[in-house]
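S.K.: My structure is stored as target24.cif, with mmCIF, C-alpha atoms.
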data_my_file
loop_
_atom_site.group_PDB
_atom_site.id
_atom_site.type_symbol
_atom_site.label_atom_id
_atom_site.label_comp_id
_atom_site.auth_asym_id
_atom_site.auth_seq_id
_atom_site.Cartn_x
_atom_site.Cartn_y
_atom_site.Cartn_z
ATOM 1 C CA MET A 1 -11.193 -5.484 -52.370
ATOM 2 C CA THR A 2 -12.336 -3.587 -49.274
ATOM 3 C CA ASP A 3 -12.117 0.163 -49.558
ATOM 4 C CA VAL A 4 -10.684 1.496 -46.292
ATOM 5 C CA LYS A 5 -10.899 5.199 -45.553
ATOM 6 C CA PRO A 6 -7.688 6.641 -44.032
ATOM 7 C CA GLU A 7 -9.429 7.663 -40.795
ATOM 8 C CA GLU A 8 -10.751 4.140 -40.408
ATOM 9 C CA LEU A 9 -7.175 2.974 -39.994
ATOM 10 C CA SER A 10 -6.835 5.234 -36.975
ATOM 11 C CA ALA A 11 -10.164 4.062 -35.593
ATOM 12 C CA PHE A 12 -9.103 0.448 -36.101
ATOM 13 C CA LEU A 13 -5.876 1.147 -34.244
ATOM 14 C CA ASP A 14 -7.888 2.621 -31.380
ATOM 15 C CA GLY A 15 -10.328 -0.293 -31.290
ATOM 16 C CA GLU A 16 -13.158 2.084 -32.155
ATOM 17 C CA LEU A 17 -14.572 0.292 -35.189
ATOM 18 C CA THR A 18 -17.578 -2.001 -34.904
ATOM 19 C CA GLY A 19 -16.889 -5.737 -35.056
ATOM 20 C CA GLY A 20 -17.902 -6.263 -38.700
ATOM 21 C CA ARG A 21 -16.021 -3.257 -40.022
ATOM 22 C CA ALA A 22 -12.970 -4.083 -37.928
ATOM 23 C CA ALA A 23 -12.853 -7.552 -39.507
ATOM 24 C CA GLU A 24 -13.007 -5.989 -42.995
ATOM 25 C CA VAL A 25 -10.154 -3.618 -42.197
ATOM 26 C CA ARG A 26 -8.093 -6.487 -40.750
ATOM 27 C CA GLU A 27 -8.622 -8.424 -43.948
ATOM 28 C CA ALA A 28 -7.666 -5.416 -46.079
ATOM 29 C CA LEU A 29 -4.445 -5.010 -44.084
ATOM 30 C CA GLU A 30 -3.491 -8.597 -44.837
ATOM 31 C CA ARG A 31 -3.950 -8.078 -48.567
ATOM 32 C CA GLN A 32 -2.691 -4.532 -49.117
ATOM 33 C CA PRO A 33 1.004 -3.928 -48.239
ATOM 34 C CA GLU A 34 0.701 -0.179 -48.809
ATOM 35 C CA LEU A 35 -2.170 0.025 -46.355
ATOM 36 C CA LEU A 36 -0.198 -2.082 -43.882
ATOM 37 C CA ARG A 37 2.769 0.301 -44.118
ATOM 38 C CA GLU A 38 0.507 3.242 -43.385
ATOM 39 C CA PHE A 39 -1.005 1.371 -40.454
ATOM 40 C CA GLU A 40 2.427 0.570 -39.035
ATOM 41 C CA ALA A 41 3.450 4.212 -39.291
ATOM 42 C CA LEU A 42 0.347 5.165 -37.321
ATOM 43 C CA GLY A 43 1.166 2.454 -34.798
ATOM 44 C CA MET A 44 4.627 3.886 -34.263
ATOM 45 C CA ILE A 45 3.226 7.337 -33.523
ATOM 46 C CA ASP A 46 0.639 5.732 -31.253
ATOM 47 C CA ARG A 47 3.316 3.926 -29.229
ATOM 48 C CA ARG A 48 5.401 7.061 -28.908
ATOM 49 C CA LEU A 49 2.457 9.044 -27.613
ATOM 50 C CA ARG A 50 1.422 6.293 -25.211
ATOM 51 C CA THR A 51 4.921 6.168 -23.769
ATOM 52 C CA ALA A 52 4.970 9.940 -23.384
ATOM 53 C CA ALA A 53 1.571 9.897 -21.691
ATOM 54 C CA ASP A 54 2.637 7.146 -19.284
ATOM 55 C CA GLU A 55 5.804 9.035 -18.390
ATOM 56 C CA ALA A 56 3.963 12.307 -17.863
ATOM 57 C CA SER A 57 1.467 10.782 -15.410
ATOM 58 C CA PHE A 58 2.141 11.388 -11.739
ATOM 59 C CA ASP A 59 0.153 11.340 -8.530
ATOM 60 C CA PRO A 60 -0.734 14.941 -7.774
ATOM 61 C CA ARG A 61 -0.512 15.994 -4.128
ATOM 62 C CA ILE A 62 -3.990 17.399 -3.789
ATOM 63 C CA ALA A 63 -6.829 17.236 -1.284
ATOM 64 C CA LEU A 64 -10.032 15.860 -2.723
ATOM 65 C CA PRO A 65 -13.158 17.673 -1.581
ATOM 66 C CA SER A 66 -15.329 15.442 0.586
ATOM 67 C CA GLN A 67 -18.628 15.240 2.416
ATOM 68 C CA ALA A 68 -16.826 16.306 5.618
ATOM 69 C CA SER A 69 -16.268 19.794 4.221
ATOM 70 C CA VAL A 70 -19.972 20.079 3.346
ATOM 71 C CA ASP A 71 -21.022 18.851 6.791
ATOM 72 C CA SER A 72 -18.745 21.300 8.565
ATOM 73 C CA ASP A 73 -19.995 24.128 6.352
ATOM 74 C CA ASN A 74 -23.561 23.225 7.208
ATOM 75 C CA VAL A 75 -22.906 23.095 10.925
ATOM 76 C CA TYR A 76 -21.814 26.753 11.125
ATOM 77 C CA TRP A 77 -25.244 28.391 10.947
ATOM 78 C CA PRO A 78 -27.204 26.197 13.366
ATOM 79 C CA ALA A 79 -24.280 26.180 15.800
ATOM 80 C CA GLY A 80 -23.942 29.958 15.606
ATOM 81 C CA ILE A 81 -27.665 30.448 16.241
ATOM 82 C CA ALA A 82 -27.566 27.992 19.157
ATOM 83 C CA ILE A 83 -24.636 29.821 20.763
ATOM 84 C CA LEU A 84 -26.376 33.181 20.345
ATOM 85 C CA GLY A 85 -29.584 31.807 21.867
ATOM 86 C CA LEU A 86 -27.725 30.415 24.869
ATOM 87 C CA LEU A 87 -25.879 33.684 25.403
ATOM 88 C CA LEU A 88 -29.148 35.623 25.369
ATOM 89 C CA LEU A 89 -30.664 33.165 27.846
ATOM 90 C CA ALA A 90 -27.639 33.512 30.104
ATOM 91 C CA ARG A 91 -27.941 37.276 29.978
ATOM 92 C CA PHE A 92 -31.653 37.681 30.594
ATOM 93 C CA LEU A 93 -33.029 34.606 32.396
ATOM 94 C CA PRO A 94 -31.428 35.333 35.806
ATOM 95 C CA LYS A 95 -33.539 38.522 35.905
ATOM 96 C CA PHE A 96 -36.643 36.382 36.381
ATOM 97 C CA THR A 97 -35.461 34.873 39.629
ATOM 98 C CA ASP A 98 -34.273 36.424 42.888
ATOM 99 C CA ALA A 99 -32.022 33.580 43.939
ATOM 100 C CA ILE A 100 -28.449 34.402 42.903
ATOM 101 C CA GLU A 101 -27.441 30.697 43.218
ATOM 102 C CA ILE A 102 -29.974 29.676 40.573
ATOM 103 C CA GLY A 103 -28.732 32.414 38.244
ATOM 104 C CA LEU A 104 -25.093 31.356 38.712
ATOM 105 C CA ALA A 105 -25.914 27.677 38.261
ATOM 106 C CA PHE A 106 -27.794 28.442 35.059
ATOM 107 C CA GLN A 107 -24.906 30.506 33.698
ATOM 108 C CA LEU A 108 -22.574 27.599 34.490
ATOM 109 C CA VAL A 109 -24.777 25.193 32.531
ATOM 110 C CA VAL A 110 -24.970 27.606 29.596
ATOM 111 C CA GLY A 111 -21.182 28.083 29.654
ATOM 112 C CA ALA A 112 -20.648 24.325 29.548
ATOM 113 C CA ALA A 113 -23.103 23.967 26.650
ATOM 114 C CA ILE A 114 -21.287 26.653 24.657
ATOM 115 C CA LEU A 115 -17.926 25.006 25.324
ATOM 116 C CA ARG A 116 -19.317 21.672 24.140
ATOM 117 C CA LEU A 117 -20.650 23.276 20.950
ATOM 118 C CA VAL A 118 -17.279 24.869 20.224
ATOM 119 C CA MET A 119 -15.518 21.526 20.775
ATOM 120 C CA LYS A 120 -17.987 19.844 18.407
ATOM 121 C CA LEU A 121 -17.294 22.474 15.762
ATOM 122 C CA LEU A 122 -13.543 21.876 16.069
ATOM 123 C CA ASP A 123 -14.086 18.107 15.770
ATOM 124 C CA GLU A 124 -16.165 18.566 12.619
ATOM 125 C CA GLN A 125 -13.351 20.585 11.094
ATOM 126 C CA GLU A 126 -10.692 17.954 11.820
ATOM 127 C CA PRO A 127 -11.120 15.661 8.742
ATOM 128 C CA VAL A 128 -10.952 18.598 6.338
ATOM 129 C CA ARG A 129 -7.966 20.108 8.119
ATOM 130 C CA SER A 130 -6.135 16.779 8.148
ATOM 131 C CA ALA A 131 -6.793 16.250 4.449
ATOM 132 C CA LEU A 132 -5.534 19.706 3.615
ATOM 133 C CA LEU A 133 -2.453 19.405 5.809
ATOM 134 C CA SER A 134 -1.438 15.969 4.564
ATOM 135 C CA LYS A 135 -2.428 16.770 0.958
ATOM 136 C CA GLY A 136 -2.640 13.025 0.434
ATOM 137 C CA GLY A 137 -5.321 13.127 -2.210
ATOM 138 C CA SER A 138 -4.392 10.046 -4.141
ATOM 139 C CA MET B 1 -26.214 14.485 -9.792
ATOM 140 C CA ILE B 2 -23.401 12.420 -8.311
ATOM 141 C CA GLY B 3 -23.130 11.614 -4.604
ATOM 142 C CA ALA B 4 -20.163 12.667 -2.492
ATOM 143 C CA ALA B 5 -18.786 9.159 -2.086
ATOM 144 C CA ASP B 6 -19.279 8.306 -5.770
ATOM 145 C CA PHE B 7 -17.566 11.560 -6.730
ATOM 146 C CA SER B 8 -14.342 10.666 -4.917
ATOM 147 C CA GLU B 9 -14.488 7.091 -6.110
ATOM 148 C CA ALA B 10 -14.897 8.197 -9.730
ATOM 149 C CA LEU B 11 -12.264 10.905 -9.632
ATOM 150 C CA ARG B 12 -9.484 9.202 -7.688
ATOM 151 C CA PRO B 13 -8.408 6.748 -10.466
ATOM 152 C CA LEU B 14 -8.299 9.607 -12.989
ATOM 153 C CA LEU B 15 -5.952 11.833 -11.032
ATOM 154 C CA ALA B 16 -2.561 10.569 -12.237
ATOM 155 C CA ARG B 17 -3.501 10.814 -15.938
ATOM 156 C CA SER B 18 -5.164 14.147 -15.268
ATOM 157 C CA ALA B 19 -1.970 15.477 -13.736
ATOM 158 C CA GLY B 20 -0.020 14.286 -16.781
ATOM 159 C CA TYR B 21 -2.521 15.951 -19.099
ATOM 160 C CA ALA B 22 -2.273 19.234 -17.173
ATOM 161 C CA LEU B 23 1.510 18.943 -17.163
ATOM 162 C CA THR B 24 1.683 18.692 -20.954
ATOM 163 C CA LEU B 25 -0.504 21.751 -21.302
ATOM 164 C CA LEU B 26 1.097 23.904 -18.605
ATOM 165 C CA GLY B 27 4.661 22.557 -18.690
ATOM 166 C CA ASP B 28 5.107 22.888 -14.935
ATOM 167 C CA ARG B 29 4.480 20.202 -12.342
ATOM 168 C CA ARG B 30 3.376 22.538 -9.560
ATOM 169 C CA GLU B 31 1.010 24.429 -11.836
ATOM 170 C CA ALA B 32 -0.352 21.116 -13.090
ATOM 171 C CA GLU B 33 -1.109 20.075 -9.504
ATOM 172 C CA ASP B 34 -2.781 23.395 -8.809
ATOM 173 C CA ALA B 35 -4.887 23.039 -11.949
ATOM 174 C CA VAL B 36 -6.018 19.546 -10.925
ATOM 175 C CA GLN B 37 -6.800 20.794 -7.421
ATOM 176 C CA GLN B 38 -8.823 23.740 -8.700
ATOM 177 C CA ALA B 39 -10.633 21.580 -11.236
ATOM 178 C CA ALA B 40 -11.506 19.084 -8.471
ATOM 179 C CA LEU B 41 -13.028 21.883 -6.411
ATOM 180 C CA ARG B 42 -14.901 23.197 -9.425
ATOM 181 C CA ALA B 43 -16.212 19.739 -10.258
ATOM 182 C CA TRP B 44 -17.251 19.231 -6.633
ATOM 183 C CA GLU B 45 -19.211 22.481 -6.660
ATOM 184 C CA ARG B 46 -20.890 21.527 -9.912
ATOM 185 C CA ARG B 47 -21.528 17.871 -9.170
ATOM 186 C CA ALA B 48 -25.270 18.528 -9.059
ATOM 187 C CA GLN B 49 -25.085 19.375 -12.774
ATOM 188 C CA PHE B 50 -23.476 16.069 -13.730
ATOM 189 C CA ASP B 51 -25.745 13.839 -15.801
ATOM 190 C CA VAL B 52 -25.167 10.259 -14.624
ATOM 191 C CA LYS B 53 -26.142 8.953 -18.058
ATOM 192 C CA ARG B 54 -23.015 10.531 -19.509
ATOM 193 C CA SER B 55 -19.338 9.774 -19.016
ATOM 194 C CA PHE B 56 -17.886 11.071 -15.752
ATOM 195 C CA ARG B 57 -14.434 11.012 -17.302
ATOM 196 C CA ALA B 58 -15.512 13.258 -20.190
ATOM 197 C CA TRP B 59 -17.275 15.628 -17.784
ATOM 198 C CA TRP B 60 -14.193 15.791 -15.559
ATOM 199 C CA TYR B 61 -11.772 16.380 -18.443
ATOM 200 C CA ALA B 62 -13.961 19.154 -19.826
ATOM 201 C CA ILE B 63 -13.630 20.924 -16.456
ATOM 202 C CA LEU B 64 -9.892 20.246 -16.200
ATOM 203 C CA ARG B 65 -9.309 21.404 -19.767
ATOM 204 C CA ASN B 66 -11.116 24.685 -19.072
ATOM 205 C CA GLN B 67 -9.103 25.120 -15.888
ATOM 206 C CA CYS B 68 -5.836 24.665 -17.810
ATOM 207 C CA LEU B 69 -6.941 27.000 -20.599
ATOM 208 C CA ASP B 70 -7.857 29.638 -17.995
ATOM 209 C CA GLU B 71 -4.402 29.254 -16.486
ATOM 210 C CA LEU B 72 -2.760 29.626 -19.906
ATOM 211 C CA ARG B 73 -4.773 32.781 -20.537
ATOM 212 C CA ARG B 74 -3.754 34.172 -17.131
ATOM 213 C CA ARG B 75 -0.151 33.297 -17.860
ATOM 214 C CA ALA B 76 -0.264 35.151 -21.175
ATOM 215 C CA ARG B 77 -1.150 38.294 -19.214
ATOM 216 C CA ARG B 78 1.731 38.057 -16.751
ATOM 217 C CA PRO B 79 5.462 37.337 -17.074
ATOM 218 C CA ARG B 80 6.400 33.821 -16.040
ATOM 219 C CA ARG B 81 9.471 32.803 -14.066
ATOM 220 C CA VAL B 82 10.918 29.426 -14.956
ATOM 221 C CA ASP B 83 12.776 27.638 -12.190
ATOM 222 C CA ILE B 84 15.746 26.016 -13.922
ATOM 223 C CA ASP B 85 16.568 23.769 -10.948
ATOM 224 C CA GLU B 86 13.086 22.367 -10.948
ATOM 225 C CA VAL B 87 13.215 21.675 -14.677
ATOM 226 C CA GLU B 88 16.525 19.853 -14.283
ATOM 227 C CA ALA B 89 15.327 17.922 -11.234
ATOM 228 C CA SER B 90 12.179 16.734 -12.955
ATOM 229 C CA SER B 91 13.800 16.019 -16.290
ATOM 230 C CA GLY B 92 15.128 12.494 -15.542
ATOM 231 C CA ARG B 93 17.259 10.493 -17.986
ATOM 232 C CA SER B 94 18.742 12.283 -20.940
ATOM 233 C CA ASP B 95 17.200 10.016 -23.624
ATOM 234 C CA THR B 96 13.787 10.500 -22.034
ATOM 235 C CA VAL B 97 14.400 14.228 -21.937
ATOM 236 C CA HIS B 98 15.367 14.163 -25.588
ATOM 237 C CA ASP B 99 12.198 12.251 -26.499
ATOM 238 C CA ARG B 100 10.091 14.653 -24.495
ATOM 239 C CA LEU B 101 11.649 17.678 -26.140
ATOM 240 C CA VAL B 102 11.161 16.194 -29.591
ATOM 241 C CA LEU B 103 7.544 15.392 -28.806
ATOM 242 C CA ALA B 104 6.890 18.820 -27.290
ATOM 243 C CA SER B 105 8.443 20.522 -30.278
ATOM 244 C CA ALA B 106 6.533 18.322 -32.728
ATOM 245 C CA MET B 107 3.269 19.003 -30.892
ATOM 246 C CA ASP B 108 3.962 22.730 -31.122
ATOM 247 C CA ARG B 109 4.056 22.411 -34.881
ATOM 248 C CA LEU B 110 0.515 21.060 -35.046
ATOM 249 C CA ALA B 111 -2.657 23.075 -35.420
ATOM 250 C CA PRO B 112 -4.183 23.766 -31.958
ATOM 251 C CA GLN B 113 -7.169 21.520 -32.719
ATOM 252 C CA GLN B 114 -4.845 18.653 -33.593
ATOM 253 C CA SER B 115 -2.593 18.905 -30.541
ATOM 254 C CA GLU B 116 -5.657 19.278 -28.361
ATOM 255 C CA ILE B 117 -7.299 16.080 -29.551
ATOM 256 C CA LEU B 118 -4.047 14.138 -29.252
ATOM 257 C CA ARG B 119 -3.523 15.350 -25.679
ATOM 258 C CA LEU B 120 -7.031 14.394 -24.677
ATOM 259 C CA ARG B 121 -6.823 11.030 -26.414
ATOM 260 C CA TYR B 122 -3.452 9.957 -25.012
ATOM 261 C CA PHE B 123 -2.856 11.935 -21.841
ATOM 262 C CA GLY B 124 -6.511 11.797 -20.828
ATOM 263 C CA ASP B 125 -7.001 8.267 -22.189
ATOM 264 C CA LEU B 126 -10.376 9.214 -23.625
ATOM 265 C CA ALA B 127 -12.529 7.198 -26.029
ATOM 266 C CA TYR B 128 -14.044 8.643 -29.220
ATOM 267 C CA ASP B 129 -17.474 9.200 -27.687
ATOM 268 C CA GLU B 130 -15.893 11.017 -24.756
ATOM 269 C CA LEU B 131 -13.785 13.173 -27.089
ATOM 270 C CA ALA B 132 -16.925 14.031 -29.053
ATOM 271 C CA GLN B 133 -18.638 15.045 -25.802
ATOM 272 C CA ILE B 134 -15.778 17.240 -24.586
ATOM 273 C CA LEU B 135 -15.044 18.927 -27.897
ATOM 274 C CA ASP B 136 -18.715 19.091 -28.870
ATOM 275 C CA ILE B 137 -18.115 17.593 -32.299
ATOM 276 C CA PRO B 138 -19.595 14.513 -34.044
ATOM 277 C CA ARG B 139 -17.894 11.157 -33.584
ATOM 278 C CA GLY B 140 -16.971 11.102 -37.295
ATOM 279 C CA THR B 141 -15.134 14.396 -36.876
ATOM 280 C CA VAL B 142 -13.233 12.935 -33.921
ATOM 281 C CA MET B 143 -12.156 10.053 -36.150
ATOM 282 C CA SER B 144 -10.922 12.223 -39.002
ATOM 283 C CA ARG B 145 -9.359 14.897 -36.773
ATOM 284 C CA LEU B 146 -7.445 12.325 -34.800
ATOM 285 C CA HIS B 147 -6.206 10.646 -37.952
ATOM 286 C CA LEU B 148 -5.042 13.925 -39.488
ATOM 287 C CA ALA B 149 -3.399 14.875 -36.176
ATOM 288 C CA ARG B 150 -1.430 11.622 -36.115
ATOM 289 C CA LYS B 151 -0.328 12.083 -39.717
ATOM 290 C CA ALA B 152 0.737 15.661 -38.992
ATOM 291 C CA LEU B 153 2.608 14.547 -35.876
ATOM 292 C CA GLY B 154 4.429 11.866 -37.849
ATOM 293 C CA GLU B 155 5.481 14.551 -40.316
ATOM 294 C CA ALA B 156 6.593 16.826 -37.455
ATOM 295 C CA PHE B 157 8.598 13.977 -35.896
ATOM 296 C CA ARG B 158 10.442 13.487 -39.144
ATOM 297 C CA ARG B 159 11.353 17.167 -39.203
ATOM 298 C CA GLU B 160 12.372 17.286 -35.536
ATOM 299 C CA ASP B 161 14.232 14.002 -35.314
ATOM 300 C CA PRO B 162 15.115 12.777 -38.819
#
Is it possible to express this structure as structure tokens?

M.R.:
Amino acid sequence: MTDVKPEELSAFLDGELTGGRAAEVREALERQPELLREFEALGMIDRRLRTAADEASFDPRIALPSQASVDSDNVYWPAGIAILGLLLLARFLPKFTDAIEIGLAFQLVVGAAILRLVMKLLDEQEPVRSALLSKGGS
Amino acid sequence: MIGAADFSEALRPLLARSAGYALTLLGDRREAEDAVQQAALRAWERRAQFDVKRSFRAWWYAILRNQCLDELRRRARRPRRVDIDEVEASSGRSDTVHDRLVLASAMDRLAPQQSEILRLRYFGDLAYDELAQILDIPRGTVMSRLHLARKALGEAFRREDP
């Protein structure tokens, strides 16, 4: 007669015994009514807990972190430095030329570049903002 | 280390069970969602520490469990307001409510180690090796602790709902 430890009954129920040992326990259950009763009692508790776990599950309304948030974080520093550099250029470069038209034209180009950078930053933020607003994580 | 795309792909299928697990620990749907959200952010920040040779599910549940335990500790330090309407709205059919109350009460009767392993096993749907990893105990201890927990729960059921 196979000697089955009590905890092996639980492991058998969970499918956590190795093939050979599982076969021995199965055989013991067929021959030992007392063991079978104990196994059935464990099975009842198992079913009750499974039902409770299934009922408790629900899709949480969360926003999963994504690569977009990392990318937009990373874009802050280089973009900030670029904007600062362009501002400095706009401030000081016209001093090196006498023609006021060239200075104005350069400032116009710099202004457009800054605007484009700001727009790019806003675009990079969009996926993260959408995810957070919709909260459709699942 | 786990990549950004793999992270989302691995975590997404675990979210519903995770929310259920957090709900049984915290007892409040909104707090359970917050806990899952915070744990997801924590996991994201720590994804470089994840060892791909180990179970992602076990790693994730270890983070979520800590998040829930932190929340329970915070809650113990402040008074908590229970929204009766929300409880009634989320309670569903009366027989289901009865079953849930009996289960909750029976779980409360167990030793913390026993209720913890049952929650992780059923609400987290974790295998023995994953339980051993999360709880930092040998696989044999998982086996015996789970068995004793089931026996104790059966006893508690009999007392709660004879």

S.K.: Pull the closest atom pair for each residue of chain B that gets at most 6 Å from chain A, along with the distance in Å to one decimal, counting only C-alpha atoms, ordering rows by chain and then ascending residue number, as CSV.

M.R.:
residue,atom,partner,partner_atom,distance
B:Ala4,CA,A:Gln67,CA,5.8
B:Ala16,CA,A:Asp59,CA,4.7
B:Arg17,CA,A:Ser57,CA,5.0
B:Gly20,CA,A:Ser57,CA,4.0
B:Glu33,CA,A:Pro60,CA,5.4
B:Gln37,CA,A:Ile62,CA,5.7
B:Phe123,CA,A:Ala53,CA,4.9
B:Met143,CA,A:Glu7,CA,5.9
B:Ser144,CA,A:Glu7,CA,5.1
B:His147,CA,A:Glu7,CA,5.2

S.K.: If you measure from atom CA of A:Leu87 to atom CA of A:Val110, what distance in Å do you get, rounded to one decimal?

M.R.: 7.4 Å

S.K.: Using all atoms listed in the file, collect all residues at a distance of at most 7 Å from (4.8, 19.9, -24.8) as written in the file, then present them as a PDB file with C-alpha atoms, in the frame of the given file.

M.R.:
ATOM      1  CA  THR B  24       1.683  18.692 -20.954  1.00  0.00           C
ATOM      2  CA  LEU B  25      -0.504  21.751 -21.302  1.00  0.00           C
ATOM      3  CA  GLY B  27       4.661  22.557 -18.690  1.00  0.00           C
ATOM      4  CA  LEU B 103       7.544  15.392 -28.806  1.00  0.00           C
ATOM      5  CA  ALA B 104       6.890  18.820 -27.290  1.00  0.00           C
ATOM      6  CA  SER B 105       8.443  20.522 -30.278  1.00  0.00           C
ATOM      7  CA  MET B 107       3.269  19.003 -30.892  1.00  0.00           C
ATOM      8  CA  ASP B 108       3.962  22.730 -31.122  1.00  0.00           C
TER       9      ASP B 108
END

S.K.: Do you know which residues are at most 9 Å from B:Tyr61 counting all atoms listed in the file, after dropping those on the same chain fewer than 3 positions away, and could you put them as a PDB file with C-alpha atoms, in the frame of the given file?

M.R.:
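File selection-v6.pdb, as written:
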ATOM      1  CA  SER B  18      -5.164  14.147 -15.268  1.00  0.00           C
ATOM      2  CA  ALA B  39     -10.633  21.580 -11.236  1.00  0.00           C
ATOM      3  CA  PHE B  56     -17.886  11.071 -15.752  1.00  0.00           C
ATOM      4  CA  ARG B  57     -14.434  11.012 -17.302  1.00  0.00           C
ATOM      5  CA  ALA B  58     -15.512  13.258 -20.190  1.00  0.00           C
ATOM      6  CA  LEU B  64      -9.892  20.246 -16.200  1.00  0.00           C
ATOM      7  CA  ARG B  65      -9.309  21.404 -19.767  1.00  0.00           C
ATOM      8  CA  ASN B  66     -11.116  24.685 -19.072  1.00  0.00           C
ATOM      9  CA  LEU B 120      -7.031  14.394 -24.677  1.00  0.00           C
ATOM     10  CA  GLY B 124      -6.511  11.797 -20.828  1.00  0.00           C
ATOM     11  CA  LEU B 126     -10.376   9.214 -23.625  1.00  0.00           C
ATOM     12  CA  ILE B 134     -15.778  17.240 -24.586  1.00  0.00           C
TER      13      ILE B 134
END

S.K.: Using all atoms listed in the file, pick whichever of A:Glu24, A:Glu40, A:Glu101, A:Glu34 has the shortest atom-to-atom distance to A:Asp3.

M.R.: A:Glu24

S.K.: When the PyMOL selection byres ((chain B and resi 160) around 10) is applied to the file above, which residues end up in the set, as a list in words?

M.R.: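 Here the PyMOL selection byres ((chain B and resi 160) around 10) matches Leu101, Val102, Leu103, Ser105, Ala106, Arg109, Gly154, Glu155, Ala156, Phe157, Arg158, Arg159, Asp161 and Pro162 of chain B.
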
S.K.: Find the residues near B:Asp129: any atom within 8 Å, counting only C-alpha atoms, skip ones fewer than 3 places away on the same chain, and give them as number ranges by chain.

M.R.: B: 132-133, 139

S.K.: What gap, in Å, lies between atom CA of A:Ala105 and atom CA of A:Met119?

M.R.: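 Answer for the atom CA of A:Ala105 to atom CA of A:Met119 separation: 21.3 Å.
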
S.K.: Report the distance between atom CA of B:Val36 and atom CA of B:Arg75 in Å, rounded to one decimal place.

M.R.: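 Atom CA of B:Arg75 lies at a distance of 16.5 Å from atom CA of B:Val36.
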